[in-house]
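First comes the structure, then the notes that go with it.
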2 protein chains.
Amino acid sequence: MSNDTVKIPQATAKRLPLYYRFLKNLHSSGKQRVSSAELSEAVKVDSATIRRDFSYFGALGKKGYGYNVNYLLTFFRKTLDQDELTKVALIGVGNLGTALLHYNFLKNNNTKIAVGFDVEEAKIGTSIGDVPIHHMDELEKIITEMGITVAILTVPAPFAQTITDRLVAANVKGILNFTPARLTVPATTRVHHIDLAVELQSLVYFLKHYGVDEEEE
Amino acid sequence: MSNDTVKIPQATAKRLPLYYRFLKNLHSSGKQRVSSAELSEAVKVDSATIRRDFSYFGALGKKGYGYNVNYLLTFFRKTLDQDELTKVALIGVGNLGTALLHYNFLKNNNTKIAVGFDVEEAKIGTSIGDVPIHHMDELEKIITEMGITVAILTVPAPFAQTITDRLVAANVKGILNFTPARLTVPATTRVHHIDLAVELQSLVYFLKHYGVDEEEE
DNA sequence: AATTTATTGTGAAGATAATAACAATGTTTT
DNA sequence: AAAACATTGTTATTATCTTCACAATAAATT
């Protein structure tokens, strides 16, 4: 738990991976410098917000010039721990789980699904998108051995809590939860929800009730 | 654009589908009444926040008693327009797109993916999870005919903006964007992002830099 | 080297959201 | 029907986040 950096606002922390990705794009397209205004156009975040976000890490830019792409990139690579690969387990190799196994998180992230788990015999022992699938019975054994502390949960909702309890017991500290279940976890574990049905429904709600002239993340 | 309801805070609007889902659960398990404290436990939202959220719609509960599950459910069904089916188009039938075609949004949502589009000849004319797949060339024609105004975007990032422009021109008002691209749209169109890589990476960031004693949505 | 220009970093203000706390009041119990 | 209890709805408070606006200053131009 490296607290070498100041504790920055959550809202800022959530934008960092986004900035990082666009900086990589800029870099590979040969750009040397960038202003907060340009970056704002690309990532759709107000330029003042970008400058404030960056400022939590100190003065990264130069007045009248902007930011040096290379410098920023190097800085964020360190800040986002892009130098060390984070291995992740995926629990539940159904439709969504399989899609995620094919998704190349590594490309932008230095994060990799290293192992998958399911109960369906036909899947056990196979590899999907280069990731080996094991039986749920081996969950604790394997993730402990592999030292995995982050899991993606794509199981049917009724099993979500039970499996979460097992993950927590096996020292998993972060769960990306794609199930509709709201998980109960100790304060030492962090859960991020991606609730597909809720996202779709709230989009529809906004359209119906808010109408035009709204911009939003 | 029914503005029959007061314009409630965005944060509240985003929680409504969640409340609705849990109320349905409670209802089908035969529960007659529920307090904000109970609901809080289930959806992991502070009980004061729940009461405030509900209060935007008037006095839905009774002091000393709580909320009548049936009443709440009926109320939210109307508020969330659950009586009319919203048809959605899905653009890009790759791994993720296919998974979403199998995802039963209807169950909780009264939202249905009614049509899919792709460029791959092998897929055109087939049905996936009961949804017919058409060629991208027919995009404008078909969604206009079907009167669709909401789309899910699961195409490769480089095509995202071009297709978005076509969707907007074809009168699509809401886009659920699964691509990493940040889309440029007119103010009359609403985009919600689900950025899988960013979600995973920010989870990892929080674990490394915030450590324990954090709870979050 | 002086002037103009661009752009940061940030203090102040504003906006939005979450939470605490409790009077009001309906429900349940005795 | 009185007393005890439970729980809302809301006012006040606090926290978080965004945006404005501009002095400071480095870069570019003349």
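Chain labels follow the order of the structure tokens: the first chain is A, the next B, and so on; residue numbering restarts at 1 in every chain, and ligands are counted from 1 in their shown order.
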Report as a PDB file with N, CA, C and O atoms (P, O5', C5', C4', C3', O3' and C1' of nucleotides), in the first residue's frame the set of chain D residues whose atoms approach chain B to within 12 Å, with distances computed over only C-alpha atoms (C1' of nucleotides).
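Saved to part.pdb:
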```
ATOM      1  P    DC D   5     -40.370   1.696  24.922  1.00  0.00           P
ATOM      2  O5'  DC D   5     -40.615   1.699  23.348  1.00  0.00           O
ATOM      3  C5'  DC D   5     -41.502   0.720  22.790  1.00  0.00           C
ATOM      4  C4'  DC D   5     -41.614   0.979  21.308  1.00  0.00           C
ATOM      5  C3'  DC D   5     -40.263   1.222  20.626  1.00  0.00           C
ATOM      6  O3'  DC D   5     -40.113   0.199  19.655  1.00  0.00           O
ATOM      7  C1'  DC D   5     -41.887   2.810  19.920  1.00  0.00           C
ATOM      8  P    DA D   6     -38.778   0.170  18.780  1.00  0.00           P
ATOM      9  O5'  DA D   6     -39.353   0.788  17.432  1.00  0.00           O
ATOM     10  C5'  DA D   6     -40.541   0.269  16.868  1.00  0.00           C
ATOM     11  C4'  DA D   6     -40.785   0.955  15.544  1.00  0.00           C
ATOM     12  C3'  DA D   6     -39.548   1.062  14.664  1.00  0.00           C
ATOM     13  O3'  DA D   6     -39.978   0.697  13.382  1.00  0.00           O
ATOM     14  C1'  DA D   6     -40.447   3.230  15.057  1.00  0.00           C
ATOM     15  P    DT D   7     -38.978   0.503  12.197  1.00  0.00           P
ATOM     16  O5'  DT D   7     -39.121   1.914  11.478  1.00  0.00           O
ATOM     17  C5'  DT D   7     -40.382   2.261  10.926  1.00  0.00           C
ATOM     18  C4'  DT D   7     -40.294   3.670  10.438  1.00  0.00           C
ATOM     19  C3'  DT D   7     -39.001   3.992   9.665  1.00  0.00           C
ATOM     20  O3'  DT D   7     -39.349   4.529   8.423  1.00  0.00           O
ATOM     21  C1'  DT D   7     -39.495   5.662  11.213  1.00  0.00           C
ATOM     22  P    DT D   8     -38.299   4.887   7.319  1.00  0.00           P
ATOM     23  O5'  DT D   8     -39.011   6.186   6.756  1.00  0.00           O
ATOM     24  C5'  DT D   8     -40.409   6.120   6.503  1.00  0.00           C
ATOM     25  C4'  DT D   8     -41.041   7.462   6.754  1.00  0.00           C
ATOM     26  C3'  DT D   8     -40.599   8.540   5.773  1.00  0.00           C
ATOM     27  O3'  DT D   8     -41.742   9.112   5.172  1.00  0.00           O
ATOM     28  C1'  DT D   8     -40.296   9.265   8.029  1.00  0.00           C
ATOM     29  P    DG D   9     -41.625   9.831   3.745  1.00  0.00           P
ATOM     30  O5'  DG D   9     -41.213  11.308   4.195  1.00  0.00           O
ATOM     31  C5'  DG D   9     -42.194  12.111   4.830  1.00  0.00           C
ATOM     32  C4'  DG D   9     -41.567  13.430   5.232  1.00  0.00           C
ATOM     33  C3'  DG D   9     -40.877  14.188   4.093  1.00  0.00           C
ATOM     34  O3'  DG D   9     -41.244  15.552   4.260  1.00  0.00           O
ATOM     35  C1'  DG D   9     -39.336  13.838   5.841  1.00  0.00           C
ATOM     36  P    DT D  10     -40.740  16.677   3.318  1.00  0.00           P
ATOM     37  O5'  DT D  10     -39.603  17.321   4.217  1.00  0.00           O
ATOM     38  C5'  DT D  10     -39.972  17.956   5.438  1.00  0.00           C
ATOM     39  C4'  DT D  10     -38.715  18.504   6.076  1.00  0.00           C
ATOM     40  C3'  DT D  10     -37.821  19.316   5.127  1.00  0.00           C
ATOM     41  O3'  DT D  10     -37.312  20.409   5.845  1.00  0.00           O
ATOM     42  C1'  DT D  10     -36.566  17.653   6.142  1.00  0.00           C
ATOM     43  P    DT D  11     -37.196  21.820   5.197  1.00  0.00           P
ATOM     44  O5'  DT D  11     -36.875  22.745   6.453  1.00  0.00           O
ATOM     45  C5'  DT D  11     -36.912  22.215   7.794  1.00  0.00           C
ATOM     46  C4'  DT D  11     -35.554  22.377   8.465  1.00  0.00           C
ATOM     47  C3'  DT D  11     -34.633  23.418   7.822  1.00  0.00           C
ATOM     48  O3'  DT D  11     -33.984  24.135   8.863  1.00  0.00           O
ATOM     49  C1'  DT D  11     -33.531  21.351   7.918  1.00  0.00           C
TER      50       DT D  11
END
```
- Contact residues around range 12-22 of chain D with only C-alpha atoms (C1' of nucleotides) at 8 Å, ignoring same-chain residues under 5 positions, as a list of chain:residue names: A:Ala11, A:Ala48, A:Thr49, C:DA13, C:DG14, C:DA15, C:DT16, C:DA17, C:DA18, C:DT19, C:DA20
- Message: Can you pull out every residue from range 3-129 of chain A that DSSP, working from the backbone, puts in helix (DSSP H, G or I), and format the result as a ChimeraX atom specification?
- Response: /A:10-28,36-43,47-55,69-79,95-102,105-109
- Query: When you draw a straight line from CA of Leu100 in chain A to CA of Ala99 in chain B, how long is it in Å?
  - Reply: 9.4 Å
- Query: Got a sec to pull out which chain C residues are within 9 Å of chain A, counting only C-alpha atoms (C1' of nucleotides), and send them as a VMD selection string?
  - Reply: chain C and resid 5 to 10
